[in-house]
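These notes concern the structure reproduced below.
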Amino acid sequence: MVLTSASSKQFLLLELIVPWEDQMEAANEHKQHKYQELIVKSWRRGWRARCEPIEVRCAGSSLAKDFCSPNVNIYAELEKLNDMDKRIQKLEEKLAKVLSENEALKPLLQDSQNKLKSLQKENEDKKVAFSAGLLESGTGHTGPFNSVITLVYKKVFSNIGGAYDSKTGVFTAPVKGAYYFKFYGHGHGGTTMAVSLLKNGKTQCSVFAWKPTSNGNGSNGVVLTLEIGDQISTQLWANTWVYDDPASYTSFGGFLIFPL
């Protein structure tokens with residue numbers, strides 16, 4: 001027999017059993033397994049359940065025994081399970097919140113990564129410097145020629161940023177900024193040595209030695225404001241020469257002081 005109360009969400013299980021004195025330990029174990037699962041399920045759904053076995057005696061009298069009271073306190077254990085369920089639910093809610101916040105942070109993270117890459121590229125673009133000697137190997141004069149020529153410095157000591165072209169002798173500004181350039185010329189006696197530094201084909205400064213009796217040397221330097229794509233080169237004057245050997249007496253170099 002089952003007695004229920006919807007208002008208090010309780011139900012009572014009544015069942016007739018054999019006399020208490022006859023194999024009651026086995027009967028007790030049997031009842032525990034028979035109704036324990038039902039009691040647990042009911043508890044989780046918010047119902048309180050009890051099992052009341054009714055003992056029928058030979059004289060016809062009856063005595064109710066709590067046949068569903070095992071050594072372990074089921075209600076206490078159910079309370080623990082219920083508390084654990086609540087804690088798990090709270091942890092799941094926190095996890096869902098963290099995952100949601102993580103999704104919200106993804107665009108910010110991507111934006112930060114893009115900015116970092118942009119800054120890294122800008123920093124790389126700011127690293128500009130080169131230095132080169134005229135002859136890659138050997139010794140000898142370049143010139144004299146009937147017209148001006150662009151000197152091509154083949155012996156590259158450094159070319160950070162790759163802005164100097166050793167095939168053409170031209171430096172091309174990769175970023176707008178203030179740059180410093182310096183060049184050296186060396187000549188032997190009897191012939192004039194003259195070299196100019198040009199910005200986009202226009203002379204900025206020069207070195208000159210008029211027919212030295214032995215050796216002639218000259219050097220010059222200048223700070224120039226360059227736009228992206230501006231070109232710097234050196235030019236040997238007509239009917240003049242320069243000399244170079246492994247010591248790199250005739251050379252050309254420059255670097256970015258700061259971007260603008």
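Chain identifiers are assigned as A, B, and so on, following the order in which chains appear in the structure tokens; residues are numbered from 1 within each chain, and ligands are numbered from 1 in order of appearance.
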Check your understanding: Please, which residues of segment 86-238 of chain A, numbered as in this document, come out strand (DSSP E or B) from DSSP, as an MDAnalysis selection string?
Key -> chainID A and resid 129:133 140:142 149:150 155:160 164:165 170:172 177:188 193:199 202:209 215:226 231:236
Check your understanding: Residues at most 9 Å from Leu151 of chain A, counting only C-alpha atoms, excluding those fewer than 3 positions away in the same chain, as a list in words?
Key ->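 Neighbouring residues, sequence-local ones excluded: Leu134, Thr142, Thr168, Gly169, Val170, Val195, Ser233, Thr234, Gln235 and Leu236 of chain A.
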Exercise for review: Compile the contact shell of Ile39 of chain A as a PyMOL selection string: residues with an atom at most 8 Å away, counting only C-alpha atoms, same-chain residues fewer than 2 positions apart removed.
Suggested key: chain A and resi 35-37+41-43+48-50
Limited to all heavy atoms, could you put the picked residues into a file as a PDB file, in the first residue's frame?
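Heads up, here's the output in part_34.pdb:
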```pdb
ATOM      1  N   TYR A  35      13.903  -1.205  -1.869  1.00  0.00           N
ATOM      2  CA  TYR A  35      13.307   0.134  -1.891  1.00  0.00           C
ATOM      3  C   TYR A  35      14.328   1.281  -1.882  1.00  0.00           C
ATOM      4  O   TYR A  35      13.955   2.433  -2.029  1.00  0.00           O
ATOM      5  CB  TYR A  35      12.374   0.303  -0.674  1.00  0.00           C
ATOM      6  CG  TYR A  35      11.159  -0.570  -0.746  1.00  0.00           C
ATOM      7  CD1 TYR A  35      11.016  -1.652   0.114  1.00  0.00           C
ATOM      8  CD2 TYR A  35      10.151  -0.323  -1.683  1.00  0.00           C
ATOM      9  CE1 TYR A  35       9.910  -2.474   0.055  1.00  0.00           C
ATOM     10  CE2 TYR A  35       9.029  -1.141  -1.750  1.00  0.00           C
ATOM     11  CZ  TYR A  35       8.903  -2.224  -0.886  1.00  0.00           C
ATOM     12  OH  TYR A  35       7.821  -3.019  -0.953  1.00  0.00           O
ATOM     13  N   GLN A  36      15.602   0.990  -1.678  1.00  0.00           N
ATOM     14  CA  GLN A  36      16.599   2.062  -1.545  1.00  0.00           C
ATOM     15  C   GLN A  36      16.701   2.901  -2.827  1.00  0.00           C
ATOM     16  O   GLN A  36      16.750   4.123  -2.774  1.00  0.00           O
ATOM     17  CB  GLN A  36      17.973   1.474  -1.217  1.00  0.00           C
ATOM     18  CG  GLN A  36      19.014   2.555  -0.929  1.00  0.00           C
ATOM     19  CD  GLN A  36      20.310   1.961  -0.407  1.00  0.00           C
ATOM     20  OE1 GLN A  36      20.399   0.764  -0.160  1.00  0.00           O
ATOM     21  NE2 GLN A  36      21.289   2.809  -0.214  1.00  0.00           N
ATOM     22  N   GLU A  37      16.707   2.238  -3.984  1.00  0.00           N
ATOM     23  CA  GLU A  37      16.818   2.979  -5.253  1.00  0.00           C
ATOM     24  C   GLU A  37      15.618   3.903  -5.450  1.00  0.00           C
ATOM     25  O   GLU A  37      15.750   5.057  -5.879  1.00  0.00           O
ATOM     26  CB  GLU A  37      16.950   2.004  -6.417  1.00  0.00           C
ATOM     27  CG  GLU A  37      17.131   2.715  -7.759  1.00  0.00           C
ATOM     28  CD  GLU A  37      17.304   1.732  -8.902  1.00  0.00           C
ATOM     29  OE1 GLU A  37      17.347   0.510  -8.644  1.00  0.00           O
ATOM     30  OE2 GLU A  37      17.384   2.214 -10.059  1.00  0.00           O
ATOM     31  N   LYS A  41      15.806   8.014  -5.769  1.00  0.00           N
ATOM     32  CA  LYS A  41      15.233   8.735  -6.925  1.00  0.00           C
ATOM     33  C   LYS A  41      14.180   9.739  -6.475  1.00  0.00           C
ATOM     34  O   LYS A  41      14.101  10.862  -6.982  1.00  0.00           O
ATOM     35  CB  LYS A  41      14.640   7.746  -7.907  1.00  0.00           C
ATOM     36  CG  LYS A  41      15.675   6.932  -8.671  1.00  0.00           C
ATOM     37  CD  LYS A  41      14.991   6.014  -9.684  1.00  0.00           C
ATOM     38  CE  LYS A  41      16.038   5.248 -10.484  1.00  0.00           C
ATOM     39  NZ  LYS A  41      15.403   4.336 -11.463  1.00  0.00           N
ATOM     40  N   SER A  42      13.329   9.311  -5.528  1.00  0.00           N
ATOM     41  CA  SER A  42      12.285  10.219  -5.034  1.00  0.00           C
ATOM     42  C   SER A  42      12.897  11.430  -4.356  1.00  0.00           C
ATOM     43  O   SER A  42      12.436  12.568  -4.515  1.00  0.00           O
ATOM     44  CB  SER A  42      11.363   9.459  -4.058  1.00  0.00           C
ATOM     45  OG  SER A  42      10.758   8.351  -4.707  1.00  0.00           O
ATOM     46  N   TRP A  43      13.952  11.198  -3.579  1.00  0.00           N
ATOM     47  CA  TRP A  43      14.627  12.305  -2.866  1.00  0.00           C
ATOM     48  C   TRP A  43      15.182  13.329  -3.862  1.00  0.00           C
ATOM     49  O   TRP A  43      15.050  14.533  -3.651  1.00  0.00           O
ATOM     50  CB  TRP A  43      15.736  11.721  -2.010  1.00  0.00           C
ATOM     51  CG  TRP A  43      16.433  12.773  -1.179  1.00  0.00           C
ATOM     52  CD1 TRP A  43      17.492  13.497  -1.520  1.00  0.00           C
ATOM     53  CD2 TRP A  43      16.056  13.216   0.130  1.00  0.00           C
ATOM     54  NE1 TRP A  43      17.844  14.360  -0.537  1.00  0.00           N
ATOM     55  CE2 TRP A  43      16.965  14.220   0.509  1.00  0.00           C
ATOM     56  CE3 TRP A  43      15.051  12.851   1.032  1.00  0.00           C
ATOM     57  CZ2 TRP A  43      16.904  14.852   1.734  1.00  0.00           C
ATOM     58  CZ3 TRP A  43      14.989  13.498   2.258  1.00  0.00           C
ATOM     59  CH2 TRP A  43      15.903  14.481   2.604  1.00  0.00           C
ATOM     60  N   ARG A  48      10.033  13.070  -0.126  1.00  0.00           N
ATOM     61  CA  ARG A  48      10.538  12.284   0.993  1.00  0.00           C
ATOM     62  C   ARG A  48       9.740  10.987   1.064  1.00  0.00           C
ATOM     63  O   ARG A  48       8.516  11.001   1.033  1.00  0.00           O
ATOM     64  CB  ARG A  48      10.432  13.046   2.310  1.00  0.00           C
ATOM     65  CG  ARG A  48      11.303  14.301   2.353  1.00  0.00           C
ATOM     66  CD  ARG A  48      11.177  15.001   3.701  1.00  0.00           C
ATOM     67  NE  ARG A  48      11.666  14.183   4.799  1.00  0.00           N
ATOM     68  CZ  ARG A  48      12.947  14.170   5.182  1.00  0.00           C
ATOM     69  NH1 ARG A  48      13.849  14.905   4.539  1.00  0.00           N
ATOM     70  NH2 ARG A  48      13.337  13.404   6.189  1.00  0.00           N
ATOM     71  N   ALA A  49      10.476   9.891   1.141  1.00  0.00           N
ATOM     72  CA  ALA A  49       9.812   8.571   1.128  1.00  0.00           C
ATOM     73  C   ALA A  49      10.203   7.769   2.361  1.00  0.00           C
ATOM     74  O   ALA A  49      11.338   7.847   2.834  1.00  0.00           O
ATOM     75  CB  ALA A  49      10.196   7.811  -0.143  1.00  0.00           C
ATOM     76  N   ARG A  50       9.239   6.987   2.863  1.00  0.00           N
ATOM     77  CA  ARG A  50       9.498   6.070   3.982  1.00  0.00           C
ATOM     78  C   ARG A  50       8.853   4.727   3.686  1.00  0.00           C
ATOM     79  O   ARG A  50       7.813   4.647   3.031  1.00  0.00           O
ATOM     80  CB  ARG A  50       8.927   6.614   5.300  1.00  0.00           C
ATOM     81  CG  ARG A  50       9.630   7.877   5.807  1.00  0.00           C
ATOM     82  CD  ARG A  50       9.084   8.264   7.159  1.00  0.00           C
ATOM     83  NE  ARG A  50       9.309   7.201   8.129  1.00  0.00           N
ATOM     84  CZ  ARG A  50       8.675   7.131   9.315  1.00  0.00           C
ATOM     85  NH1 ARG A  50       7.765   8.038   9.623  1.00  0.00           N
ATOM     86  NH2 ARG A  50       8.943   6.144  10.154  1.00  0.00           N
TER      87      ARG A  50
END
```
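For the choices A:Asn114, A:Asn82, A:Gln10, A:Thr192, the atom-to-atom distance to Arg44 of chain A is smallest for A:Asn82 when using only C-alpha atoms.
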Review point. If you count only C-alpha atoms, which residues fall within 10 Å of Lys199 of chain A, apart from same-chain ones fewer than 4 positions away, as a ChimeraX atom specification?
Key: /A:170-172,203-205,224,226,230-234
Review point. Which residues, written as a list of chain:residue names, have at least one atom at most 8 Å from Val223 of chain A, with only C-alpha atoms counted and residues fewer than 2 positions away on the same chain left out?
Key: A:Ala178, A:Tyr179, A:Tyr180, A:Phe181, A:Gly221, A:Thr225
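For the choices A:Ser158, A:Thr150, A:Asn102, A:Ser137, the atom-to-atom distance to Ala238 of chain A is smallest for A:Thr150 when using only C-alpha atoms.
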Exercise for review: Determine, counting only C-alpha atoms, which protein, DNA and RNA residues have an atom within 6 Å of an atom of segment 182-190 of chain A; residues of the same chain fewer than 4 positions away are not included. Present the result as number ranges by chain.
Suggested key: A: 211-221, 242-243, 249-253
Using the selection just defined, write its residues with C-alpha atoms as a compact mmCIF listing (two decimals), in the first residue's frame.
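Written out: result_25.txt:
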```
# COMPACT_ATOMS: atom_id res chain seq x y z
CA LYS A 211 95.94 65.82 -59.52
CA PRO A 212 97.81 64.95 -56.31
CA THR A 213 101.55 64.45 -56.65
CA SER A 214 101.33 61.10 -54.78
CA ASN A 215 98.06 60.04 -53.13
CA GLY A 216 94.86 62.01 -52.67
CA ASN A 217 92.10 61.28 -50.14
CA GLY A 218 88.76 62.86 -49.43
CA SER A 219 85.72 62.18 -47.26
CA ASN A 220 82.41 63.89 -46.63
CA GLY A 221 79.16 63.24 -44.75
CA VAL A 242 89.34 56.46 -57.64
CA TYR A 243 91.52 53.67 -56.34
CA TYR A 249 90.00 53.10 -49.15
CA THR A 250 87.01 54.05 -51.30
CA SER A 251 83.75 53.27 -49.48
CA PHE A 252 80.15 54.33 -48.95
CA GLY A 253 77.78 53.89 -45.99
```
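Distances from A:Phe255, A:Tyr164, A:Trp241, A:Trp210 to Val222 of chain A were compared using only C-alpha atoms, and the smallest one belongs to A:Phe255.
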**Study point:** Option closest in space to Lys34 of chain A, from A:Lys115, A:Phe145, A:Cys51, A:Gly46 [counting only C-alpha atoms]
**Key:** A:Cys51
